[in-house]
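A.B. asks: See protein.txt below, with compact mmCIF, C-alpha atoms.
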```txt
# COMPACT_ATOMS: atom_id res chain seq x y z
CA MET A 1 40.24 28.06 92.76
CA GLY A 2 38.56 27.40 89.44
CA VAL A 3 38.09 29.99 86.76
CA ARG A 4 35.57 29.39 84.04
CA LYS A 5 35.56 31.24 80.75
CA HIS A 6 34.02 30.15 77.50
CA GLY A 7 33.46 26.65 78.85
CA TRP A 8 37.07 26.05 79.98
CA LEU A 9 37.79 25.30 83.60
CA PHE A 10 41.30 26.12 84.81
CA SER A 11 42.49 24.99 88.20
CA VAL A 12 45.16 27.25 89.63
CA GLN A 13 45.75 24.96 92.63
CA GLN A 14 46.82 22.08 90.45
CA PHE A 15 49.97 24.01 89.55
CA ASP A 16 50.95 24.77 93.13
CA SER A 17 52.63 21.45 93.86
CA LEU A 18 54.74 21.34 90.72
CA VAL A 19 58.47 21.87 90.53
CA PHE A 20 59.41 25.18 88.93
CA THR A 21 60.41 24.17 85.43
CA PRO A 22 60.45 26.51 82.41
CA SER A 23 57.21 24.96 81.18
CA HIS A 24 55.67 25.44 84.62
CA ILE A 25 56.65 29.10 84.61
CA PHE A 26 55.25 29.47 81.08
CA PHE A 27 51.94 27.88 81.97
CA THR A 28 51.75 29.81 85.23
CA ILE A 29 52.12 33.06 83.28
CA VAL A 30 49.43 31.89 80.84
CA ILE A 31 47.10 31.04 83.70
CA LYS A 32 47.75 34.36 85.42
CA LEU A 33 47.03 36.21 82.19
CA LEU A 34 43.83 34.24 81.69
CA THR A 35 42.59 34.88 85.21
CA PHE A 36 43.51 38.55 84.85
CA ASN A 37 41.52 38.73 81.63
CA VAL A 38 38.55 37.00 83.23
CA GLY A 39 38.64 39.60 85.97
CA LEU A 40 38.73 42.37 83.40
CA TYR A 41 35.92 40.72 81.43
CA ALA A 42 33.74 40.56 84.54
CA SER A 43 34.39 44.14 85.57
CA LYS A 44 33.94 45.48 82.04
CA ALA A 45 30.63 43.65 81.73
CA LEU A 46 29.23 45.78 84.53
CA ASP A 47 30.39 48.98 82.84
CA MET A 48 29.23 47.93 79.41
CA ALA A 49 25.73 49.36 79.34
CA TYR A 50 24.83 53.00 79.77
CA ASP A 51 23.29 54.07 83.03
CA ILE A 52 19.54 53.72 83.12
CA GLU A 53 19.14 57.52 83.28
CA ILE A 54 20.95 57.84 79.92
CA ILE A 55 18.89 55.02 78.40
CA LEU A 56 15.62 56.59 79.52
CA ASN A 57 16.67 60.01 78.20
CA ARG A 58 17.29 58.40 74.82
CA GLN A 59 13.89 56.71 74.92
CA LEU A 60 12.30 60.08 75.64
CA ALA A 61 14.30 61.79 72.88
CA ASP A 62 13.16 59.10 70.47
CA CYS A 63 9.56 60.14 71.15
CA LEU A 64 10.06 63.89 70.63
CA SER A 65 9.71 66.05 67.54
CA ILE A 66 12.31 68.54 68.76
CA PRO A 67 16.04 68.01 68.20
CA VAL A 68 17.78 66.39 71.16
CA PHE A 69 21.48 65.63 71.59
CA ILE A 70 22.77 63.42 74.41
CA THR A 71 26.40 63.37 75.48
CA ASP A 72 28.44 61.50 78.04
CA THR A 73 30.25 63.41 80.78
CA ASN A 74 33.17 64.13 78.44
CA GLY A 75 30.96 65.68 75.79
CA ASN A 76 31.11 62.78 73.37
CA LEU A 77 27.87 62.63 71.40
CA ILE A 78 26.29 59.29 72.24
CA PHE A 79 22.85 59.83 70.73
CA TYR A 80 20.84 62.29 68.66
CA ASN A 81 17.27 61.84 67.52
CA GLU A 82 15.75 62.18 64.06
CA PRO A 83 14.92 65.91 64.30
CA ALA A 84 18.53 66.51 65.36
CA GLU A 85 19.72 64.72 62.24
CA ASP A 86 18.33 67.61 60.16
CA ILE A 87 20.41 70.11 62.11
CA LEU A 88 23.54 68.00 62.19
CA GLY A 89 23.22 66.99 58.55
CA LYS A 90 24.06 63.40 59.49
CA ARG A 91 22.09 60.30 60.41
CA TYR A 92 22.66 58.56 63.72
CA LYS A 93 22.45 55.14 62.14
CA ASP A 94 25.31 56.16 59.84
CA THR A 95 27.58 57.91 62.31
CA GLY A 96 26.82 56.14 65.59
CA GLU A 97 28.50 57.87 68.48
CA MET A 98 30.78 60.82 67.72
CA PRO A 99 33.79 61.90 69.78
CA VAL A 100 33.65 65.43 71.12
CA GLU A 101 36.58 66.38 68.87
CA VAL A 102 34.49 65.49 65.81
CA TRP A 103 31.04 66.76 66.56
CA GLY A 104 32.22 69.74 68.59
CA THR A 105 33.63 71.32 65.45
CA VAL A 106 30.63 70.69 63.21
CA PHE A 107 28.97 74.04 63.89
CA ASN A 108 30.11 77.64 63.79
CA TYR A 109 28.57 79.73 66.56
CA LYS A 110 27.91 83.50 66.42
CA ASP A 111 26.00 85.99 68.49
CA ASP A 112 23.33 88.35 67.13
CA ASP A 113 26.04 90.87 66.15
CA GLY A 114 27.90 88.29 64.08
CA ASN A 115 30.75 87.86 66.58
CA ALA A 116 32.13 84.39 67.04
CA LEU A 117 31.05 82.74 70.29
CA ALA A 118 33.66 81.14 72.49
CA THR A 119 33.03 77.46 73.08
CA GLU A 120 32.93 78.12 76.82
CA GLU A 121 29.80 80.24 76.33
CA LEU A 122 27.75 77.42 74.84
CA PRO A 123 25.04 76.01 77.12
CA LEU A 124 26.05 72.36 76.72
CA VAL A 125 29.69 73.10 77.43
CA LYS A 126 28.71 75.03 80.56
CA THR A 127 26.43 72.20 81.66
CA LEU A 128 29.21 69.66 81.27
CA LYS A 129 31.54 71.89 83.24
CA ASN A 130 29.21 73.04 86.02
CA ARG A 131 26.54 70.29 86.05
CA LEU A 132 23.80 72.92 85.88
CA PRO A 133 21.11 73.75 83.28
CA TYR A 134 21.69 76.63 80.84
CA HIS A 135 19.81 78.34 78.01
CA LYS A 136 21.04 80.64 75.25
CA THR A 137 19.92 81.92 71.86
CA PHE A 138 22.56 82.35 69.15
CA TRP A 139 23.38 81.66 65.50
CA ILE A 140 24.76 78.43 64.17
CA GLN A 141 26.00 77.47 60.76
CA ASN A 142 25.49 73.80 60.10
CA LEU A 143 27.31 71.34 57.84
CA LYS A 144 25.31 72.48 54.83
CA GLY A 145 26.51 76.04 55.37
CA ILE A 146 23.10 77.29 56.40
CA ALA A 147 23.03 79.88 59.19
CA GLU A 148 20.12 79.64 61.58
CA ARG A 149 19.14 81.45 64.76
CA ILE A 150 18.56 78.87 67.42
CA SER A 151 17.96 78.50 71.13
CA VAL A 152 19.61 75.75 73.12
CA THR A 153 18.53 74.42 76.49
CA SER A 154 20.89 72.03 78.20
CA TYR A 155 20.62 70.09 81.41
CA PRO A 156 22.80 67.60 83.29
CA ILE A 157 21.69 64.01 83.77
CA ILE A 158 22.19 63.33 87.44
CA GLY A 159 20.86 59.97 88.53
CA ARG A 160 19.18 58.80 91.70
CA ALA A 161 22.51 58.02 93.26
CA GLY A 162 23.59 61.62 92.62
CA LYS A 163 25.97 60.44 89.92
CA PHE A 164 26.55 62.76 86.98
CA VAL A 165 26.27 60.53 83.92
CA GLY A 166 25.84 62.88 80.96
CA ALA A 167 24.05 65.89 79.51
CA VAL A 168 21.22 66.72 77.15
CA ALA A 169 20.95 69.64 74.72
CA ILE A 170 17.58 70.53 73.22
CA PHE A 171 17.57 72.80 70.16
CA TRP A 172 14.64 75.15 69.57
CA ARG A 173 13.94 77.54 66.80
CA PRO A 174 13.19 80.86 68.55
CA SER A 175 9.76 80.99 66.97
CA GLU A 176 9.01 77.82 68.90
CA GLU A 177 9.86 79.41 72.26
CA MET B 1 25.12 27.91 94.34
CA ASN B 2 21.75 26.38 95.25
CA ILE B 3 18.73 28.35 94.10
CA THR B 4 15.15 27.66 95.18
CA ILE B 5 12.17 29.50 93.80
CA TRP B 6 9.52 30.23 96.45
CA GLY B 7 7.44 32.90 94.71
CA VAL B 8 6.68 33.24 91.00
CA ARG B 9 3.67 35.53 90.81
CA GLY B 10 3.52 39.25 90.08
CA SER B 11 1.30 41.88 91.64
CA ILE B 12 -0.83 39.83 94.05
CA PRO B 13 -0.78 36.31 95.50
CA THR B 14 -3.11 34.02 93.57
CA ILE B 15 -3.11 30.78 95.49
CA GLY B 16 -5.88 28.42 94.45
CA PRO B 17 -6.81 25.40 92.39
CA ASP B 18 -6.13 27.24 89.12
CA THR B 19 -2.54 28.06 90.06
CA ASN B 20 -1.48 24.92 91.92
CA GLU B 21 1.05 23.81 89.37
CA TYR B 22 3.08 26.98 88.85
CA GLY B 23 2.26 28.53 92.20
CA GLY B 24 0.57 31.68 93.42
CA ASN B 25 3.03 33.31 95.80
CA THR B 26 4.70 36.59 94.97
CA SER B 27 8.42 37.02 94.32
CA CYS B 28 10.93 35.29 96.55
CA ILE B 29 14.07 33.34 95.73
CA GLU B 30 16.43 31.57 98.09
CA VAL B 31 20.11 31.40 97.18
CA GLU B 32 22.49 29.32 99.26
CA ALA B 33 26.20 28.58 99.06
CA ASN B 34 28.62 27.38 101.74
CA GLY B 35 25.99 27.89 104.43
CA TRP B 36 25.41 31.54 103.46
CA LEU B 37 21.82 32.43 102.68
CA LEU B 38 20.46 35.17 100.44
CA VAL B 39 16.75 35.86 100.11
CA LEU B 40 15.91 37.76 96.95
CA ASP B 41 12.75 39.79 97.48
CA ALA B 42 10.24 39.29 100.24
CA GLY B 43 6.98 38.48 98.51
CA SER B 44 4.57 36.02 100.04
CA GLY B 45 6.86 33.17 98.99
CA ILE B 46 9.26 34.13 101.78
CA GLN B 47 7.15 32.19 104.28
CA TYR B 48 8.62 28.95 102.92
CA VAL B 49 12.20 30.09 103.51
CA ASN B 50 11.41 29.77 107.22
CA HIS B 51 11.39 26.02 106.89
CA SER B 52 14.72 25.95 105.12
CA GLN B 53 17.69 24.32 106.81
CA ASN B 54 19.95 27.07 105.51
CA LEU B 55 19.92 29.49 108.44
CA LYS B 56 22.75 27.76 110.24
CA ARG B 57 25.12 30.73 110.23
CA GLY B 58 22.73 32.85 112.29
CA ARG B 59 22.71 35.40 109.51
CA VAL B 60 20.41 36.00 106.59
CA ASP B 61 20.65 38.71 103.91
CA ILE B 62 17.48 39.91 102.23
CA LEU B 63 18.06 41.67 98.90
CA LEU B 64 15.10 43.75 97.73
CA THR B 65 14.90 44.76 94.09
CA HIS B 66 12.34 47.42 94.95
CA LEU B 67 9.65 48.17 97.47
CA HIS B 68 6.46 47.48 95.55
CA MET B 69 4.04 45.53 97.71
CA ASP B 70 4.44 42.21 95.93
CA HIS B 71 8.14 42.28 96.80
CA ILE B 72 7.87 43.15 100.49
CA GLN B 73 4.49 41.86 101.63
CA GLY B 74 5.98 38.73 103.21
CA LEU B 75 8.70 40.57 105.12
CA GLY B 76 6.67 40.96 108.30
CA PHE B 77 6.13 37.21 108.42
CA PHE B 78 9.77 36.21 108.04
CA ARG B 79 10.60 34.49 111.30
CA PRO B 80 14.28 35.47 111.60
CA LEU B 81 13.16 39.09 112.06
CA PHE B 82 11.59 38.06 115.37
CA ASP B 83 14.53 35.97 116.58
CA PRO B 84 16.92 37.94 118.87
CA SER B 85 19.77 35.59 117.99
CA MET B 86 19.50 36.26 114.27
CA GLU B 87 21.52 38.78 112.32
CA VAL B 88 19.37 40.11 109.48
CA HIS B 89 20.66 42.41 106.76
CA ILE B 90 18.20 44.07 104.39
CA TRP B 91 19.62 45.55 101.19
CA GLY B 92 17.37 47.79 99.11
CA PRO B 93 17.51 50.53 96.47
CA ALA B 94 18.45 54.02 97.59
CA SER B 95 15.96 56.81 97.05
CA ASN B 96 15.27 60.30 98.39
CA ASP B 97 13.77 58.88 101.57
CA SER B 98 15.83 56.43 103.60
CA LEU B 99 15.25 52.71 103.29
CA ARG B 100 14.34 52.63 106.99
CA TYR B 101 11.67 55.28 106.47
CA ARG B 102 10.20 53.60 103.41
CA LEU B 103 10.12 50.12 104.95
CA GLY B 104 8.86 51.68 108.17
CA ARG B 105 5.68 52.71 106.37
CA TYR B 106 4.94 49.00 106.04
CA PHE B 107 6.22 48.12 109.51
CA SER B 108 3.79 50.34 111.37
CA PRO B 109 0.08 50.38 112.29
CA PRO B 110 -2.40 50.19 110.76
CA LEU B 111 -0.68 48.18 108.00
CA PHE B 112 1.33 46.03 110.43
CA PRO B 113 1.14 45.77 114.23
CA VAL B 114 4.90 45.75 114.88
CA HIS B 115 7.07 48.83 114.47
CA PHE B 116 10.38 48.45 112.71
CA ARG B 117 12.21 49.62 115.84
CA ASP B 118 10.63 46.82 117.87
CA LEU B 119 11.93 43.95 115.77
CA PRO B 120 14.08 41.87 118.12
CA CYS B 121 16.64 40.59 115.58
CA LYS B 122 19.99 42.27 114.99
CA LEU B 123 18.89 44.29 112.00
CA THR B 124 21.10 46.23 109.60
CA LEU B 125 19.84 48.13 106.58
CA HIS B 126 21.97 48.80 103.51
CA GLU B 127 21.04 51.30 100.80
CA ILE B 128 22.45 50.36 97.42
CA ASP B 129 22.30 51.72 93.89
CA ASN B 130 24.79 50.88 91.15
CA SER B 131 26.79 49.04 93.77
CA SER B 132 29.23 46.18 94.22
CA PHE B 133 29.43 44.31 97.52
CA GLN B 134 30.37 40.98 99.01
CA ILE B 135 28.28 38.70 101.22
CA GLY B 136 30.16 35.58 102.25
CA PRO B 137 31.05 33.73 99.05
CA PHE B 138 28.83 35.95 96.90
CA GLU B 139 30.12 38.87 94.84
CA ILE B 140 27.06 40.96 94.11
CA GLN B 141 26.46 43.80 91.70
CA SER B 142 23.27 45.85 91.64
CA ARG B 143 22.18 48.18 88.85
CA TYR B 144 19.10 50.31 88.34
CA VAL B 145 16.78 48.89 85.68
CA THR B 146 13.69 50.12 83.85
CA HIS B 147 10.70 49.80 86.18
CA PRO B 148 8.57 52.48 87.88
CA GLY B 149 10.25 53.80 91.04
CA PRO B 150 13.78 52.99 92.18
CA THR B 151 14.31 49.38 91.10
CA ILE B 152 17.49 47.36 90.85
CA GLY B 153 18.48 43.99 89.51
CA PHE B 154 21.24 41.76 90.85
CA ARG B 155 24.16 39.86 89.40
CA ILE B 156 25.29 37.26 91.94
CA LYS B 157 28.56 35.49 91.38
CA ASN B 158 30.35 32.87 93.38
CA GLU B 159 33.35 30.74 92.62
CA HIS B 160 31.51 28.61 90.11
CA SER B 161 28.71 30.52 88.48
CA VAL B 162 26.73 33.69 87.82
CA PHE B 163 23.04 34.12 88.60
CA ALA B 164 21.25 37.23 87.30
CA TYR B 165 17.97 38.25 88.92
CA ILE B 166 15.77 40.88 87.24
CA PRO B 167 12.19 40.00 88.16
CA ASP B 168 10.55 43.36 87.36
CA HIS B 169 11.89 44.86 84.18
CA GLU B 170 10.70 46.50 80.97
CA PRO B 171 13.73 46.65 78.68
CA ALA B 172 11.56 47.15 75.60
CA LEU B 173 10.12 50.45 76.85
CA GLY B 174 10.35 53.08 74.13
CA PRO B 175 9.04 53.84 70.66
CA THR B 176 11.21 51.29 68.89
CA GLY B 177 10.90 48.40 71.33
CA MET B 178 13.86 46.31 72.46
CA PRO B 179 17.20 47.99 71.64
CA HIS B 180 19.46 45.50 69.91
CA ASP B 181 22.62 47.35 70.95
CA VAL B 182 23.27 45.99 74.45
CA LYS B 183 24.90 49.28 75.46
CA TRP B 184 21.43 50.80 75.30
CA LEU B 185 19.67 47.82 76.84
CA SER B 186 18.61 48.22 80.46
CA GLY B 187 19.88 45.37 82.63
CA SER B 188 22.19 43.96 79.98
CA ASP B 189 25.27 44.41 82.14
CA LEU B 190 23.66 42.33 84.88
CA ALA B 191 22.64 39.48 82.60
CA LEU B 192 25.63 39.31 80.26
CA GLY B 193 26.75 35.70 79.89
CA ALA B 194 25.05 34.59 83.12
CA ASP B 195 24.70 30.87 83.78
CA LEU B 196 21.11 31.54 84.80
CA LEU B 197 18.85 34.53 84.34
CA LEU B 198 15.54 34.81 86.18
CA HIS B 199 13.62 37.51 84.35
CA ASP B 200 10.24 39.18 84.23
CA GLY B 201 7.91 37.55 81.71
CA GLN B 202 4.54 38.74 82.91
CA TYR B 203 2.64 39.31 79.69
CA THR B 204 1.90 37.84 76.33
CA VAL B 205 2.76 40.02 73.33
CA ASP B 206 -0.86 41.10 72.96
CA GLU B 207 -1.22 41.91 76.65
CA TYR B 208 1.99 43.96 76.61
CA LYS B 209 0.61 46.23 73.87
CA HIS B 210 -1.95 47.48 76.38
CA ARG B 211 0.46 47.71 79.32
CA ILE B 212 3.44 49.59 77.92
CA GLY B 213 5.07 51.59 80.68
CA TRP B 214 3.78 49.35 83.47
CA GLY B 215 7.32 48.12 84.04
CA HIS B 216 7.08 44.52 82.88
CA SER B 217 8.05 42.38 79.91
CA SER B 218 6.27 40.21 77.46
CA ILE B 219 7.54 36.65 77.47
CA GLU B 220 8.86 37.12 73.94
CA ASP B 221 10.79 40.24 74.94
CA ALA B 222 12.27 38.42 77.92
CA VAL B 223 13.53 35.61 75.71
CA GLU B 224 14.94 38.12 73.24
CA PHE B 225 16.65 39.96 76.11
CA ALA B 226 18.23 36.68 77.20
CA ALA B 227 19.40 35.99 73.66
CA LEU B 228 20.92 39.46 73.29
CA THR B 229 22.80 39.12 76.57
CA GLY B 230 24.03 35.59 75.89
CA VAL B 231 22.67 33.89 79.00
CA LYS B 232 23.01 30.13 79.26
CA ARG B 233 19.61 29.41 80.79
CA LEU B 234 16.47 31.48 81.29
CA ILE B 235 13.66 31.16 83.81
CA LEU B 236 10.64 33.37 83.18
CA SER B 237 8.86 34.56 86.29
CA HIS B 238 6.55 37.22 87.74
CA HIS B 239 3.59 35.46 86.16
CA ASP B 240 0.53 37.62 85.66
CA PRO B 241 -2.08 36.96 88.38
CA MET B 242 -4.69 36.41 85.66
CA HIS B 243 -2.70 33.57 84.12
CA THR B 244 -3.94 30.21 85.35
CA ASP B 245 -1.91 27.03 85.00
CA LYS B 246 -3.86 26.23 81.84
CA LYS B 247 -3.17 29.66 80.38
CA LEU B 248 0.53 29.46 81.25
CA HIS B 249 0.72 26.08 79.50
CA GLU B 250 -0.84 27.61 76.39
CA ILE B 251 1.47 30.62 76.47
CA PHE B 252 4.58 28.52 76.90
CA ASN B 253 3.64 25.98 74.23
CA HIS B 254 2.99 28.83 71.82
CA LEU B 255 6.35 30.37 72.70
CA LYS B 256 8.19 27.11 72.10
CA GLU B 257 6.50 26.59 68.74
CA LYS B 258 7.37 30.09 67.57
CA ASN B 259 10.91 30.45 68.82
CA THR B 260 14.13 28.52 68.82
CA TYR B 261 17.04 29.79 70.85
CA PRO B 262 20.37 28.22 71.65
CA PHE B 263 19.64 28.14 75.37
CA PRO B 264 16.97 26.42 77.48
CA PHE B 265 14.09 28.54 78.76
CA GLU B 266 11.22 27.62 81.04
CA LEU B 267 8.53 29.09 83.26
CA ALA B 268 9.25 29.47 86.96
CA ILE B 269 7.52 26.95 89.20
CA GLU B 270 7.33 27.27 92.96
CA GLY B 271 9.64 24.81 94.63
CA LEU B 272 11.92 24.51 91.60
CA GLN B 273 15.52 24.02 92.67
CA VAL B 274 18.49 24.83 90.48
CA LYS B 275 22.09 23.99 91.27
CA LEU B 276 24.66 26.14 89.49
```
Please express what this file holds, its structure, as structure tokens.
C.D. replies:
Amino acid sequence: MGVRKHGWLFSVQQFDSLVFTPSHIFFTIVIKLLTFNVGLYASKALDMAYDIEIILNRQLADCLSIPVFITDTNGNLIFYNEPAEDILGKRYKDTGEMPVEVWGTVFNYKDDDGNALATEELPLVKTLKNRLPYHKTFWIQNLKGIAERISVTSYPIIGRAGKFVGAVAIFWRPSEE
Amino acid sequence: MNITIWGVRGSIPTIGPDTNEYGGNTSCIEVEANGWLLVLDAGSGIQYVNHSQNLKRGRVDILLTHLHMDHIQGLGFFRPLFDPSMEVHIWGPASNDSLRYRLGRYFSPPLFPVHFRDLPCKLTLHEIDNSSFQIGPFEIQSRYVTHPGPTIGFRIKNEHSVFAYIPDHEPALGPTGMPHDVKWLSGSDLALGADLLLHDGQYTVDEYKHRIGWGHSSIEDAVEFAALTGVKRLILSHHDPMHTDKKLHEIFNHLKEKNTYPFPFELAIEGLQVKL
């Protein structure tokens, strides 16, 4: 069996007929590690890119004048468009992707009576949990400390194969509804 | 892995004196290793696979990237389908309707005189999406790529090499063109580091400006895609039916003058054989 990586060709069979010396054992371990890494490299390559449904949602978001946030299935923020940058107070090209622990605490959420909203009541959180669309109007306070009444529509990204690959949250100012 | 290109043309067969050199048949590639035969897409080029000596195992696997006409129009004329001793497997992208139903629309009057159910071969259909499967010595991965309708590309690996096949693909679709972050680049996981990539290169840059969203690439975008994914060799295919041999020469010479990349690239020619 030959394993090729970065132009090197390693033959595993050529070691089979050798006597077990310490150097043989050492090189066998090296070869096993290399073949293991090649296997990992190959399998990771196929998981490297986002699913096409995520990519196409980003392309759509890039064309829109309304704020759009895209998350993976764990809620990590993997993309937000230019209008969303105004709400978030950050630029995507500066932050890149943001873990859920970071971006999930950016906003304060309140209802119309000024009561704090539980995270579980937020549309995007419900979408990630139940894989269903949700809509809600509430108050947020962004990074700049500005409170704003806003409506959020969220929907799950479920691909052709029925695979749940992420979620989208669209922010609307109620006057735009 | 022995690869033979039998169909290079997109959209419609264009066989004639103006396309003699590059060829006028629609998409079809033969891949052979250890007596196992894969046929990638069933455009009009599939008729030449019939004369191949590679059917010795009594089994052939046809892998369809999608069901647009230029990728299935030769299927009804593929002789193994009419041979009771042959085992034929057809692999195609999953969708809401079954693969049998969708292919059955072609295999039925008035489009075709023979019903799917009447084909005498031992036929098995496989619906795939973002899948991994094994056929003989081939480890195959399929992934959905950017093209209208359910469309997949393939990454085919054997003991020695990797061949990536994405004949209909528009990775530059979107307001900002080709994403340079491969995580956001459709098809990048299929092509990454492949020994050979056969990729859509239907349009010139100017033509592409008027055909955004049609599901195909400019030649320049295809070469950039190959560079971003680190392939070792690129063959550009799915030639536009309006591109004569003379025009293809002009396009390719212009491309070579404008671009230098650390890997060889060329236009697909019918009959071209590549050993990986």
A.B. asks: Under the rule that all atoms listed in the file are counted, which of B:Pro167, B:Gly24, B:Pro137, B:Gly43 is the nearest residue to Gly76 (chain B)?
C.D. replies: B:Gly43
A.B. asks: Starting from chain B, keep only residues with some atom at most 9 Å from an atom of chain A, counting all atoms listed in the file, and report them as a ChimeraX atom specification.
C.D. replies: /B:94-96,128-130,141,143-146,150,159-161,173-176,182-190,192
A.B. asks: Smallest atom-to-atom distance to Thr105 (chain A): which of A:Arg91, A:Leu143, A:Ile170, A:Tyr155, using all atoms listed in the file?
C.D. replies: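 Among the listed residues, the smallest separation from Thr105 (chain A) belongs to A:Leu143.
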A.B. asks: Write out as a list in words each polymer residue whose atoms come within 12 Å of Asn253 (chain B), counting only C-alpha atoms; drop sequence neighbours fewer than 5 positions from it.
C.D. replies: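 Here the answer would be Ile219, Lys246, Lys247, Leu248, Lys258, Asn259, Phe265, Glu266 and Leu267 of chain B.
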A.B. asks: Could you tell me how far CA of Ile87 (chain A) sits from CA of Thr71 (chain A), in Å to one decimal place?
C.D. replies: 16.1 Å
A.B. asks: Suppose you want the space between CA of Gln273 (chain B) and CA of Val49 (chain B); what is it in Å?
C.D. replies: 12.9 Å
A.B. asks: Can you pull out every residue within 8 Å of Asp111 (chain A), counting all atoms listed in the file, but drop anything in the same chain fewer than 3 positions away, and send it as a list in words?
C.D. replies: Gly114, Asn115, Ala116, Leu117, Phe138 and Trp139 of chain A
A.B. asks: Restricting the output to C-alpha atoms, write the selected residues as a PDB file, in the frame of the given file.
C.D. replies:
```pdb
ATOM      1  CA  GLY A 114      27.900  88.290  64.080  1.00  0.00           C
ATOM      2  CA  ASN A 115      30.750  87.860  66.580  1.00  0.00           C
ATOM      3  CA  ALA A 116      32.130  84.390  67.040  1.00  0.00           C
ATOM      4  CA  LEU A 117      31.050  82.740  70.290  1.00  0.00           C
ATOM      5  CA  PHE A 138      22.560  82.350  69.150  1.00  0.00           C
ATOM      6  CA  TRP A 139      23.380  81.660  65.500  1.00  0.00           C
TER       7      TRP A 139
END
```
A.B. asks: Which is closest to Tyr109 (chain A) among A:Lys126, A:Tyr80, A:Thr153, A:Ala147, if we use only C-alpha atoms?
C.D. replies: A:Ala147
A.B. asks: Hey, can you check how far CA of Trp6 (chain B) sits from CA of His169 (chain B)?
C.D. replies: 19.2 Å
